[in-house]
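Working notes, beginning with the structure itself.
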Amino acid sequence: MRRRPGLRAILLEKHGTICWGATIKDAYLATVELISRAEEAIARQAKGRVRFGGVVMEAPAAEARRRVALAAAPHLRGLVGRERRAIVLFDDAPDVLEFSASREAQALCGIGPATPDHTIYTKRLPCFVPVDRPADAEAVKAALGVSVERFVAEYTAYVDAHDRQGATLTDPYPRVIVIAGLGMFTAGKDRRTAGIASDIYHHTVSVLGAASSFGPYVSLSAQDAFDVEYWPLELYKLAQAPPERELSRRVALVTGAAGAIGRAVALRLAAEGAHVVLADLDAAGARKAADDLCAAHGGGRAIGLGMDVASEASVRAAFEETVLAYGGIDIVVSNAGIAHSAPVDRMELADWERAFAVNSTGHFLVAREGMRLFKAQGLGGAFVFVATKNVMSPGKDFAAYSASKAAEAQLAKVLALEGGPHGIRSNIVNPDAVFRESKLWSEEVRRERARAHCIAMDDLEDFYRKRNLLAQPVLPEDVAEAVLFLASDRSAKTTGCTLTVDGGVKDAFPR
């Protein structure tokens with residue numbers, strides 16, 4: 001420094017730059033100048049050159065890539081989440097797609113990170129998945145299984161070979177998975193972390209392309225990379241982080257989420273760390289509730305979707321959006337429902353059919369998609385069906401509601417039978433008379449229920465409160481607590497169960 005008093009910057013090999021000046025502005029401008037000169041040199045050197053040795057395989061069309069990603073993501077989530085579940089994101093942006101389909105992709109994936117700090121989020125190397133038919137979902141899934149197993153074995157050997165201080169092996173599964181000709185997946189403990197890994201690898205792809213314009217790309221040695229990844233101070237910092245919450249790393253889908261019970265359930269699950277998909281026929285209401293949830297618990301923690309549970313296509317589309325947003329699902333809260341009150345001899349066929357379309361078929365369509373995803377992941381799963389006290393104690397002039405919800409409850413029990421061998425639990429919550437902010441209790445339903453009970457409409461809520469043994473109103477948050485219990489590992493040994501949240505209606509005791 002004394003011999004070169006005009007020096008304004010230092011380039012640290014395989015690390016970065018340090019710039020300085022008399023003021024903060026001078027140091028900033030020196031940094032900008034240095035980076036600009038580097039960019040200009042790269043542009044000159046890259047002119048006329050083919051990046052990554054050129055593209056050697058044709059990538060499938062966008063729709064085909066989406067189809068394969070939808071099939072592969074849950075399978076991959078099961079592979080990388082065997083010890084601790086993960087959020088998985090798919091990325092087929094043009095730069096990643098070009099890299100994945102290139103001649104040098106596999107070799108470059110085996111060299112090392114662009115900067116030392118990247119190892120914290122991406123590990124030293126990505127998992128490269130060679131596949132000849134990237135448009136073939138089954139071929140991609142098979143290749144993923146082989147490649148992830150190989151990565152785990154090689155990563156474990158890498159730790160064993162370079163560990164000089166008795167470090168504990170952390171999660172041995174890949175954070176970045178590059179699939180030839182398809183794109184990449186990234187995995188993390190939450191959507192934010194998986195997104196950071198994705199951003200980092202976009203940067204790495206850019207660095208690889210620029211560096212290879214000058215000559216062979218060189219990274220840290222394996223020992224140096226290990227020393228960064230397992231730096232005792234970094235491990236200590238991670239150890240001081242607060243413990244993960246009960247539903248961290250899990251994804252829950254809640255139907256009827258713009259209503260009182262659904263919204264309360266979504267908020268309760270999110271408070272325990274879950275990522276939540278809020279689905280409702282009222283798409284704007286679902287999005288608003290998701291925005292409120294993200295504001296409370298962090299961006300990316302929730303998405304709101306329009307879903308008509310009576311439409312097979314709509315249900316399937318919502319589950320596909322869930323897979324693309326988070327990689328899969330762990331909890332399905334089937335809550336959407338409607339109520340119609342009328343004596344049987346005065347009921348229109350259309351009202352009866354509509355009740356069964358939503359309260360019975362709707363739960364079937366949601367359960368079918370959920371069961372398929374649970375099985376594809378191989379991680380188990382939890383169904384919670386929000387039914388009603390009327391399943392146990394049907395109401396006068398409430399035939400369509402009582403009968404269709406009873407069908408929902410029977411479906412839930414059959415799912416317990418079919419899901420048990422796969423670690424998939426199915427349980428039921430039976431609330432009664434949840435009035436606050438409820439869309440179920442429309443003016444018409446209130447009027448008909450008051451008529452059926454021979455009371456004034458203004459006395460309806462008080463009537464329902466007084467008829468339960470505790471003489472307490474049932475609130476959305478009460479139902480949400482029961483759902484949390486059945487959705488979480490608190491009830492890990494419970495399936496086929498009905499939990500009442502009705503203040504104690506003796507005619508509706510499970511028996």
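Chain identifiers are assigned as A, B, and so on, following the order in which chains appear in the structure tokens; residues are numbered from 1 within each chain, and ligands are numbered from 1 in order of appearance.
The residues of range 17-155 of chain A that DSSP classifies as strand (DSSP E or B), using the backbone of this structure, are Thr17, Ile18, Cys19, Val55, Ile87, Val88, Leu89, Phe90, Asp91, Ser102, Cys127, Phe128 and Val129 of chain A.
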Could those residues be written to a file, using C-alpha atoms, as a short mmCIF file (atom, residue, chain, number, x, y, z; two decimals), in the first residue's frame?
```
data_model
loop_
_atom_site.label_atom_id
_atom_site.label_comp_id
_atom_site.auth_asym_id
_atom_site.auth_seq_id
_atom_site.Cartn_x
_atom_site.Cartn_y
_atom_site.Cartn_z
CA THR A 17 -13.30 -7.15 -4.10
CA ILE A 18 -12.44 -4.44 -1.57
CA CYS A 19 -12.69 -0.80 -2.69
CA VAL A 55 -26.78 -26.47 -26.36
CA ILE A 87 -40.06 -26.47 0.21
CA VAL A 88 -39.19 -27.17 -3.44
CA LEU A 89 -39.31 -24.64 -6.28
CA PHE A 90 -39.08 -25.22 -10.03
CA ASP A 91 -37.23 -22.80 -12.31
CA SER A 102 -25.59 -27.46 -22.62
CA CYS A 127 -27.01 -32.28 -8.00
CA PHE A 128 -26.87 -32.75 -11.76
CA VAL A 129 -29.48 -35.14 -13.18
#
```
* Can you tell me, as a list in words, what residues are no more than 9 Å from Ile200 in chain A when counting only C-alpha atoms, ignoring any on the same chain fewer than 3 positions away? -> Ala114, His118, Tyr121, Thr122, Gly195, Ile196, Ala197, His203, Thr204 and Val205 of chain A
How close does range 17-106 of chain A get to range 330-349 of chain A? List, as a Markdown table, each residue of range 17-106 of chain A within 12 Å, its nearest atom pair and the distance in Å to one decimal, counting only C-alpha atoms.
```
| residue | atom | partner | partner_atom | distance |
| --- | --- | --- | --- | --- |
| A:Pro74 | CA | A:Asp330 | CA | 10.5 |
| A:Arg77 | CA | A:Asp330 | CA | 10.8 |
| A:Gly78 | CA | A:Asp330 | CA | 10.9 |
| A:Gly81 | CA | A:Asp330 | CA | 11.5 |
| A:Arg85 | CA | A:Asp330 | CA | 9.4 |
| A:Ala86 | CA | A:Asp330 | CA | 10.7 |
| A:Ile87 | CA | A:Asp330 | CA | 10.8 |
```
* Selection: 6 Å around Gly306 in chain A, only C-alpha atoms, excl. self and same-chain fewer than 6 positions, as a PyMOL selection string -> chain A and resi 279-281+283
Let me see the file: selected residues, N, CA and C atoms, as a PDB file, in the first residue's frame.
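The result, stored in selection-v5.pdb:
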```pdb
ATOM      1  N   ALA A 279     -57.734 -21.386  -0.472  1.00  0.00           N
ATOM      2  CA  ALA A 279     -58.544 -21.589  -1.674  1.00  0.00           C
ATOM      3  C   ALA A 279     -60.006 -21.323  -1.360  1.00  0.00           C
ATOM      4  N   ASP A 280     -60.686 -20.639  -2.264  1.00  0.00           N
ATOM      5  CA  ASP A 280     -62.087 -20.322  -2.033  1.00  0.00           C
ATOM      6  C   ASP A 280     -62.738 -19.963  -3.362  1.00  0.00           C
ATOM      7  N   LEU A 281     -64.048 -20.187  -3.438  1.00  0.00           N
ATOM      8  CA  LEU A 281     -64.800 -19.735  -4.605  1.00  0.00           C
ATOM      9  C   LEU A 281     -64.676 -18.229  -4.759  1.00  0.00           C
ATOM     10  N   ALA A 283     -62.342 -15.821  -4.983  1.00  0.00           N
ATOM     11  CA  ALA A 283     -60.898 -15.727  -5.225  1.00  0.00           C
ATOM     12  C   ALA A 283     -60.310 -14.452  -4.634  1.00  0.00           C
TER      13      ALA A 283
END
```
What are the closest atom pairs, with distances in Å to one decimal, for each residue of range 165-278 of chain A lying within 12 Å of range 370-373 of chain A, using only C-alpha atoms, rows by chain and rising residue number, as JSON lines?
```
{"residue": "A:Val251", "atom": "CA", "partner": "A:Gly370", "partner_atom": "CA", "distance": 11.7}
{"residue": "A:Ala252", "atom": "CA", "partner": "A:Gly370", "partner_atom": "CA", "distance": 10.4}
{"residue": "A:Leu253", "atom": "CA", "partner": "A:Gly370", "partner_atom": "CA", "distance": 9.2}
{"residue": "A:Val254", "atom": "CA", "partner": "A:Gly370", "partner_atom": "CA", "distance": 11.4}
{"residue": "A:Thr255", "atom": "CA", "partner": "A:Gly370", "partner_atom": "CA", "distance": 12.0}
```
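Picture a line from CA of Leu460 in chain A to CA of Glu448 in chain A; it runs 10.5 Å.
Here CA of Val315 in chain A and CA of Gly145 in chain A stand 28.7 Å from one another.
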Tell me, counting only C-alpha atoms, for each residue of range 50-121 of chain A within 10 Å of range 163-185 of chain A, which pair of atoms is nearest and how far apart they are in Å to one decimal, in rows ordered by chain and increasing number, as CSV.
```
residue,atom,partner,partner_atom,distance
A:Val55,CA,A:Gly181,CA,9.0
A:Val56,CA,A:Gly181,CA,8.9
A:Met57,CA,A:Gly181,CA,6.4
A:Glu58,CA,A:Gly181,CA,6.7
A:Ala59,CA,A:Gly181,CA,4.8
A:Pro60,CA,A:Leu182,CA,7.1
A:Ala61,CA,A:Leu182,CA,9.5
A:Ala62,CA,A:Leu182,CA,9.4
A:Ala64,CA,A:Leu182,CA,9.4
A:Arg65,CA,A:Leu182,CA,6.3
A:Arg66,CA,A:Leu182,CA,9.4
A:Val68,CA,A:Leu182,CA,8.5
A:Ala69,CA,A:Leu182,CA,8.5
A:Ala72,CA,A:Phe185,CA,9.6
A:Ala73,CA,A:Phe185,CA,8.0
A:Leu76,CA,A:Phe185,CA,8.8
A:Arg77,CA,A:Phe185,CA,9.9
A:Leu79,CA,A:Tyr173,CA,8.4
A:Val80,CA,A:Tyr173,CA,5.5
A:Gly81,CA,A:Tyr173,CA,8.2
A:Arg82,CA,A:Tyr173,CA,9.2
A:Glu83,CA,A:Asp171,CA,7.8
A:Arg84,CA,A:Asp171,CA,8.1
A:Ala86,CA,A:Arg175,CA,9.6
A:Val88,CA,A:Phe185,CA,6.5
A:Leu89,CA,A:Phe185,CA,5.4
A:Phe90,CA,A:Phe185,CA,4.5
A:Asp91,CA,A:Met184,CA,5.3
A:Asp92,CA,A:Gly183,CA,4.5
A:Ala93,CA,A:Gly183,CA,7.4
A:Pro94,CA,A:Gly183,CA,8.8
A:Asp95,CA,A:Gly183,CA,9.1
A:Val96,CA,A:Gly183,CA,5.7
A:Leu97,CA,A:Gly183,CA,4.8
A:Glu98,CA,A:Gly181,CA,7.8
A:Phe99,CA,A:Gly183,CA,8.2
A:Ser100,CA,A:Ala180,CA,4.8
A:Ala101,CA,A:Gly181,CA,4.2
A:Ser102,CA,A:Gly181,CA,7.9
A:Arg103,CA,A:Ala180,CA,9.8
A:Ala105,CA,A:Ala180,CA,8.0
A:Gln106,CA,A:Ala180,CA,8.4
A:Cys109,CA,A:Val178,CA,8.4
A:Thr119,CA,A:Arg175,CA,9.9
A:Tyr121,CA,A:Arg175,CA,7.3
```
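For Glu481 in chain A, the list of residues within 8 Å, based on only C-alpha atoms and with local chain neighbours fewer than 4 positions off taken out, reads Val265, Arg268, Glu477 and Phe485 of chain A.
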* To do: Please provide the set of residues having any atom within 6 Å of Leu278 in chain A, restricted to only C-alpha atoms, with same-chain residues fewer than 4 positions apart removed, written as number ranges by chain.
  => A: 254, 257, 286, 304
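Considering the residues A:Ile303, A:Pro510, A:Gly496, A:Phe356 and counting only C-alpha atoms, Val391 in chain A has its shortest atom-to-atom contact with A:Pro510.
Here CA of Tyr326 in chain A stands at a distance of 22.9 Å from CA of Phe364 in chain A.
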* Just the residues within 12 Å of range 393-396 of chain A, please, counting only C-alpha atoms, with nothing from its chain fewer than 3 positions along; format it as an MDAnalysis selection string. => chainID A and resid 339:344 387:390 399:406 430:433 448:454 500 502 505:511
Would you output that residue set with N, CA and C atoms, as a JSON list (two decimals), in the first residue's frame?
```json
[["chain", "number", "residue", "atom", "x", "y", "z"],
["A", 339, "ALA", "N", -74.93, -24.23, 3.13],
["A", 339, "ALA", "CA", -76.09, -24.68, 3.90],
["A", 339, "ALA", "C", -77.37, -24.25, 3.20],
["A", 340, "HIS", "N", -78.35, -25.16, 3.21],
["A", 340, "HIS", "CA", -79.67, -24.85, 2.70],
["A", 340, "HIS", "C", -80.69, -25.46, 3.66],
["A", 341, "SER", "N", -81.64, -24.66, 4.06],
["A", 341, "SER", "CA", -82.63, -25.11, 5.04],
["A", 341, "SER", "C", -84.02, -25.09, 4.43],
["A", 342, "ALA", "N", -84.68, -26.25, 4.46],
["A", 342, "ALA", "CA", -86.06, -26.37, 3.97],
["A", 342, "ALA", "C", -86.58, -27.75, 4.34],
["A", 343, "PRO", "N", -87.88, -27.89, 4.60],
["A", 343, "PRO", "CA", -88.46, -29.22, 4.80],
["A", 343, "PRO", "C", -88.30, -30.06, 3.54],
["A", 344, "VAL", "N", -88.21, -31.36, 3.70],
["A", 344, "VAL", "CA", -87.98, -32.24, 2.56],
["A", 344, "VAL", "C", -89.07, -32.07, 1.50],
["A", 387, "ALA", "N", -66.62, -30.94, 9.31],
["A", 387, "ALA", "CA", -67.97, -31.41, 9.04],
["A", 387, "ALA", "C", -68.95, -30.57, 9.88],
["A", 388, "THR", "N", -69.74, -31.21, 10.74],
["A", 388, "THR", "CA", -70.75, -30.47, 11.50],
["A", 388, "THR", "C", -71.35, -31.34, 12.57],
["A", 389, "LYS", "N", -71.88, -30.75, 13.58],
["A", 389, "LYS", "CA", -72.65, -31.45, 14.62],
["A", 389, "LYS", "C", -73.79, -32.23, 13.99],
["A", 390, "ASN", "N", -74.29, -31.78, 12.85],
["A", 390, "ASN", "CA", -75.44, -32.43, 12.22],
["A", 390, "ASN", "C", -75.13, -33.83, 11.71],
["A", 399, "ALA", "N", -82.30, -31.27, 5.86],
["A", 399, "ALA", "CA", -81.96, -32.58, 5.29],
["A", 399, "ALA", "C", -80.79, -32.52, 4.32],
["A", 400, "ALA", "N", -80.78, -31.56, 3.41],
["A", 400, "ALA", "CA", -79.71, -31.51, 2.41],
["A", 400, "ALA", "C", -78.36, -31.30, 3.07],
["A", 401, "TYR", "N", -78.31, -30.42, 4.03],
["A", 401, "TYR", "CA", -77.06, -30.13, 4.74],
["A", 401, "TYR", "C", -76.63, -31.34, 5.58],
["A", 402, "SER", "N", -77.56, -31.88, 6.37],
["A", 402, "SER", "CA", -77.22, -32.98, 7.26],
["A", 402, "SER", "C", -76.78, -34.21, 6.48],
["A", 403, "ALA", "N", -77.50, -34.56, 5.42],
["A", 403, "ALA", "CA", -77.19, -35.77, 4.67],
["A", 403, "ALA", "C", -75.88, -35.63, 3.89],
["A", 404, "SER", "N", -75.67, -34.48, 3.27],
["A", 404, "SER", "CA", -74.45, -34.30, 2.48],
["A", 404, "SER", "C", -73.20, -34.23, 3.37],
["A", 405, "LYS", "N", -73.33, -33.64, 4.54],
["A", 405, "LYS", "CA", -72.19, -33.58, 5.45],
["A", 405, "LYS", "C", -71.92, -34.95, 6.08],
["A", 406, "ALA", "N", -72.97, -35.77, 6.25],
["A", 406, "ALA", "CA", -72.76, -37.13, 6.72],
["A", 406, "ALA", "C", -71.95, -37.94, 5.70],
["A", 430, "ASN", "N", -66.17, -31.61, 14.16],
["A", 430, "ASN", "CA", -67.60, -31.32, 14.10],
["A", 430, "ASN", "C", -67.92, -30.06, 14.90],
["A", 431, "PRO", "N", -67.96, -28.90, 14.25],
["A", 431, "PRO", "CA", -68.36, -27.68, 14.96],
["A", 431, "PRO", "C", -69.89, -27.57, 14.99],
["A", 432, "ASP", "N", -70.36, -26.61, 15.77],
["A", 432, "ASP", "CA", -71.79, -26.29, 15.77],
["A", 432, "ASP", "C", -71.97, -24.80, 15.93],
["A", 433, "ALA", "N", -72.80, -24.25, 15.07],
["A", 433, "ALA", "CA", -73.28, -22.87, 15.23],
["A", 433, "ALA", "C", -72.16, -21.84, 15.38],
["A", 448, "GLU", "N", -84.78, -19.57, 8.11],
["A", 448, "GLU", "CA", -85.32, -20.93, 8.08],
["A", 448, "GLU", "C", -85.01, -21.69, 9.36],
["A", 449, "ARG", "N", -83.81, -21.50, 9.92],
["A", 449, "ARG", "CA", -83.48, -22.21, 11.16],
["A", 449, "ARG", "C", -84.29, -21.67, 12.33],
["A", 450, "ALA", "N", -84.53, -20.36, 12.35],
["A", 450, "ALA", "CA", -85.39, -19.78, 13.39],
["A", 450, "ALA", "C", -86.80, -20.34, 13.28],
["A", 451, "ARG", "N", -87.30, -20.45, 12.06],
["A", 451, "ARG", "CA", -88.63, -21.01, 11.86],
["A", 451, "ARG", "C", -88.69, -22.47, 12.32],
["A", 452, "ALA", "N", -87.65, -23.25, 11.98],
["A", 452, "ALA", "CA", -87.63, -24.66, 12.37],
["A", 452, "ALA", "C", -87.64, -24.83, 13.89],
["A", 453, "HIS", "N", -86.99, -23.90, 14.59],
["A", 453, "HIS", "CA", -86.92, -24.00, 16.05],
["A", 453, "HIS", "C", -88.02, -23.19, 16.74],
["A", 454, "CYS", "N", -88.89, -22.54, 15.94],
["A", 454, "CYS", "CA", -90.02, -21.76, 16.48],
["A", 454, "CYS", "C", -89.55, -20.65, 17.41],
["A", 500, "THR", "N", -65.39, -33.11, 18.50],
["A", 500, "THR", "CA", -66.48, -32.14, 18.52],
["A", 500, "THR", "C", -66.00, -30.79, 19.05],
["A", 502, "ASP", "N", -68.44, -28.08, 19.88],
["A", 502, "ASP", "CA", -69.83, -27.61, 19.88],
["A", 502, "ASP", "C", -70.30, -27.15, 21.25],
["A", 505, "VAL", "N", -73.00, -30.63, 22.84],
["A", 505, "VAL", "CA", -74.38, -30.94, 22.45],
["A", 505, "VAL", "C", -74.55, -32.45, 22.65],
["A", 506, "LYS", "N", -75.32, -32.83, 23.69],
["A", 506, "LYS", "CA", -75.32, -34.23, 24.12],
["A", 506, "LYS", "C", -75.85, -35.16, 23.04],
["A", 507, "ASP", "N", -76.76, -34.71, 22.19],
["A", 507, "ASP", "CA", -77.26, -35.55, 21.11],
["A", 507, "ASP", "C", -76.20, -35.81, 20.05],
["A", 508, "ALA", "N", -75.13, -35.00, 20.05],
["A", 508, "ALA", "CA", -74.10, -35.14, 19.03],
["A", 508, "ALA", "C", -72.82, -35.76, 19.58],
["A", 509, "PHE", "N", -72.88, -36.34, 20.79],
["A", 509, "PHE", "CA", -71.70, -37.03, 21.31],
["A", 509, "PHE", "C", -71.31, -38.15, 20.35],
["A", 510, "PRO", "N", -70.03, -38.24, 19.97],
["A", 510, "PRO", "CA", -69.60, -39.38, 19.12],
["A", 510, "PRO", "C", -69.85, -40.71, 19.83],
["A", 511, "ARG", "N", -70.38, -41.66, 19.09],
["A", 511, "ARG", "CA", -70.67, -42.96, 19.70],
["A", 511, "ARG", "C", -70.72, -44.02, 18.62]]
```
* Asked: Could you pull out all residues of range 222-463 of chain A with a DSSP call of helix (DSSP H, G or I) and give them as an MDAnalysis selection string?
  -> chainID A and resid 222:229 232:239 260:271 283:297 312:326 344:346 349:377 389:391 399:422 443:453 457:463
What does the file look like for those residues with C-alpha atoms, as a compact mmCIF listing (two decimals), in the first residue's frame?
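Dumped to out11.txt:
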```
# COMPACT_ATOMS: atom_id res chain seq x y z
CA ALA A 222 -13.02 -29.11 -1.79
CA GLN A 223 -11.23 -28.52 1.53
CA ASP A 224 -11.69 -24.75 1.35
CA ALA A 225 -15.36 -25.16 0.51
CA PHE A 226 -15.82 -27.54 3.43
CA ASP A 227 -14.08 -25.15 5.79
CA VAL A 228 -16.53 -22.40 4.78
CA GLU A 229 -19.63 -24.58 4.94
CA PRO A 232 -17.48 -23.34 13.55
CA LEU A 233 -18.67 -19.75 13.94
CA GLU A 234 -21.26 -20.23 11.19
CA LEU A 235 -22.44 -23.48 12.78
CA TYR A 236 -22.62 -21.72 16.15
CA LYS A 237 -24.72 -18.96 14.64
CA LEU A 238 -27.10 -21.52 13.16
CA ALA A 239 -27.28 -23.30 16.51
CA ALA A 260 -64.70 -17.33 9.02
CA ILE A 261 -63.56 -20.86 9.88
CA GLY A 262 -61.24 -21.27 6.89
CA ARG A 263 -59.51 -17.96 7.50
CA ALA A 264 -59.07 -18.69 11.21
CA VAL A 265 -57.62 -22.13 10.38
CA ALA A 266 -55.19 -20.66 7.84
CA LEU A 267 -53.98 -18.05 10.32
CA ARG A 268 -53.53 -20.64 13.07
CA LEU A 269 -51.55 -23.03 10.87
CA ALA A 270 -49.37 -20.17 9.61
CA ALA A 271 -48.70 -19.05 13.18
CA ALA A 283 -60.90 -15.73 -5.23
CA ALA A 284 -60.52 -12.08 -4.23
CA GLY A 285 -61.33 -12.92 -0.62
CA ALA A 286 -58.80 -15.77 -0.62
CA ARG A 287 -56.09 -13.50 -2.05
CA LYS A 288 -56.87 -10.79 0.51
CA ALA A 289 -56.64 -13.29 3.37
CA ALA A 290 -53.34 -14.60 1.94
CA ASP A 291 -51.96 -11.07 1.69
CA ASP A 292 -52.90 -10.45 5.33
CA LEU A 293 -51.19 -13.69 6.32
CA CYS A 294 -48.00 -12.78 4.44
CA ALA A 295 -47.99 -9.37 6.10
CA ALA A 296 -48.11 -11.07 9.49
CA HIS A 297 -45.73 -13.96 8.84
CA GLU A 312 -62.94 -31.26 -11.02
CA ALA A 313 -60.87 -28.96 -13.24
CA SER A 314 -60.85 -26.14 -10.70
CA VAL A 315 -59.72 -28.43 -7.87
CA ARG A 316 -56.97 -29.95 -9.98
CA ALA A 317 -55.76 -26.51 -11.07
CA ALA A 318 -55.51 -25.33 -7.45
CA PHE A 319 -53.45 -28.35 -6.44
CA GLU A 320 -51.17 -27.80 -9.43
CA GLU A 321 -50.61 -24.19 -8.37
CA THR A 322 -49.79 -25.49 -4.89
CA VAL A 323 -47.15 -27.84 -6.30
CA LEU A 324 -45.61 -25.08 -8.40
CA ALA A 325 -45.58 -22.71 -5.41
CA TYR A 326 -44.17 -25.07 -2.77
CA VAL A 344 -87.98 -32.24 2.56
CA ASP A 345 -91.42 -31.90 0.96
CA ARG A 346 -90.70 -28.28 0.00
CA LEU A 349 -84.09 -30.91 -6.43
CA ALA A 350 -81.53 -28.30 -7.51
CA ASP A 351 -80.92 -27.29 -3.88
CA TRP A 352 -80.44 -30.92 -2.84
CA GLU A 353 -78.02 -31.55 -5.70
CA ARG A 354 -76.09 -28.36 -5.02
CA ALA A 355 -75.65 -29.34 -1.36
CA PHE A 356 -74.23 -32.71 -2.38
CA ALA A 357 -72.06 -31.17 -5.12
CA VAL A 358 -70.30 -28.95 -2.56
CA ASN A 359 -70.62 -30.79 0.76
CA SER A 360 -69.99 -34.29 -0.56
CA THR A 361 -68.53 -34.39 -4.07
CA GLY A 362 -66.43 -31.31 -3.32
CA HIS A 363 -64.72 -33.08 -0.42
CA PHE A 364 -64.17 -36.14 -2.62
CA LEU A 365 -62.49 -34.10 -5.37
CA VAL A 366 -60.24 -32.33 -2.87
CA ALA A 367 -59.42 -35.59 -1.06
CA ARG A 368 -58.61 -37.41 -4.28
CA GLU A 369 -56.05 -34.79 -5.35
CA GLY A 370 -54.62 -34.67 -1.84
CA MET A 371 -54.28 -38.44 -1.62
CA ARG A 372 -52.50 -38.58 -4.97
CA LEU A 373 -49.99 -35.97 -3.83
CA PHE A 374 -49.43 -37.55 -0.43
CA LYS A 375 -48.66 -40.89 -2.08
CA ALA A 376 -46.39 -39.31 -4.68
CA GLN A 377 -44.27 -37.73 -1.94
CA LYS A 389 -72.65 -31.45 14.62
CA ASN A 390 -75.44 -32.43 12.22
CA VAL A 391 -73.49 -35.54 11.20
CA ALA A 399 -81.96 -32.58 5.29
CA ALA A 400 -79.71 -31.51 2.41
CA TYR A 401 -77.06 -30.13 4.74
CA SER A 402 -77.22 -32.98 7.26
CA ALA A 403 -77.19 -35.77 4.67
CA SER A 404 -74.45 -34.30 2.48
CA LYS A 405 -72.19 -33.58 5.45
CA ALA A 406 -72.76 -37.13 6.72
CA ALA A 407 -71.43 -38.34 3.36
CA GLU A 408 -68.36 -36.15 3.89
CA ALA A 409 -67.76 -37.77 7.28
CA GLN A 410 -68.02 -41.28 5.85
CA LEU A 411 -65.54 -40.32 3.12
CA ALA A 412 -63.12 -39.11 5.79
CA LYS A 413 -63.33 -42.47 7.57
CA VAL A 414 -62.74 -44.41 4.36
CA LEU A 415 -59.65 -42.26 3.73
CA ALA A 416 -58.38 -43.25 7.17
CA LEU A 417 -58.69 -46.90 6.11
CA GLU A 418 -57.00 -46.38 2.75
CA GLY A 419 -54.37 -43.92 3.95
CA GLY A 420 -53.17 -45.76 7.02
CA PRO A 421 -50.65 -48.02 5.24
CA HIS A 422 -49.08 -44.89 3.71
CA GLU A 443 -80.10 -14.29 6.02
CA GLU A 444 -82.17 -17.04 4.41
CA VAL A 445 -80.59 -19.82 6.49
CA ARG A 446 -81.03 -17.81 9.69
CA ARG A 447 -84.69 -17.24 8.87
CA GLU A 448 -85.32 -20.93 8.08
CA ARG A 449 -83.48 -22.21 11.16
CA ALA A 450 -85.39 -19.78 13.39
CA ARG A 451 -88.63 -21.01 11.86
CA ALA A 452 -87.63 -24.66 12.37
CA HIS A 453 -86.92 -24.00 16.05
CA MET A 457 -84.44 -14.61 14.33
CA ASP A 458 -82.95 -12.23 16.86
CA ASP A 459 -82.87 -15.05 19.41
CA LEU A 460 -81.12 -17.56 17.14
CA GLU A 461 -77.52 -17.17 18.31
CA ASP A 462 -78.56 -17.15 21.95
CA PHE A 463 -80.65 -20.28 21.38
```
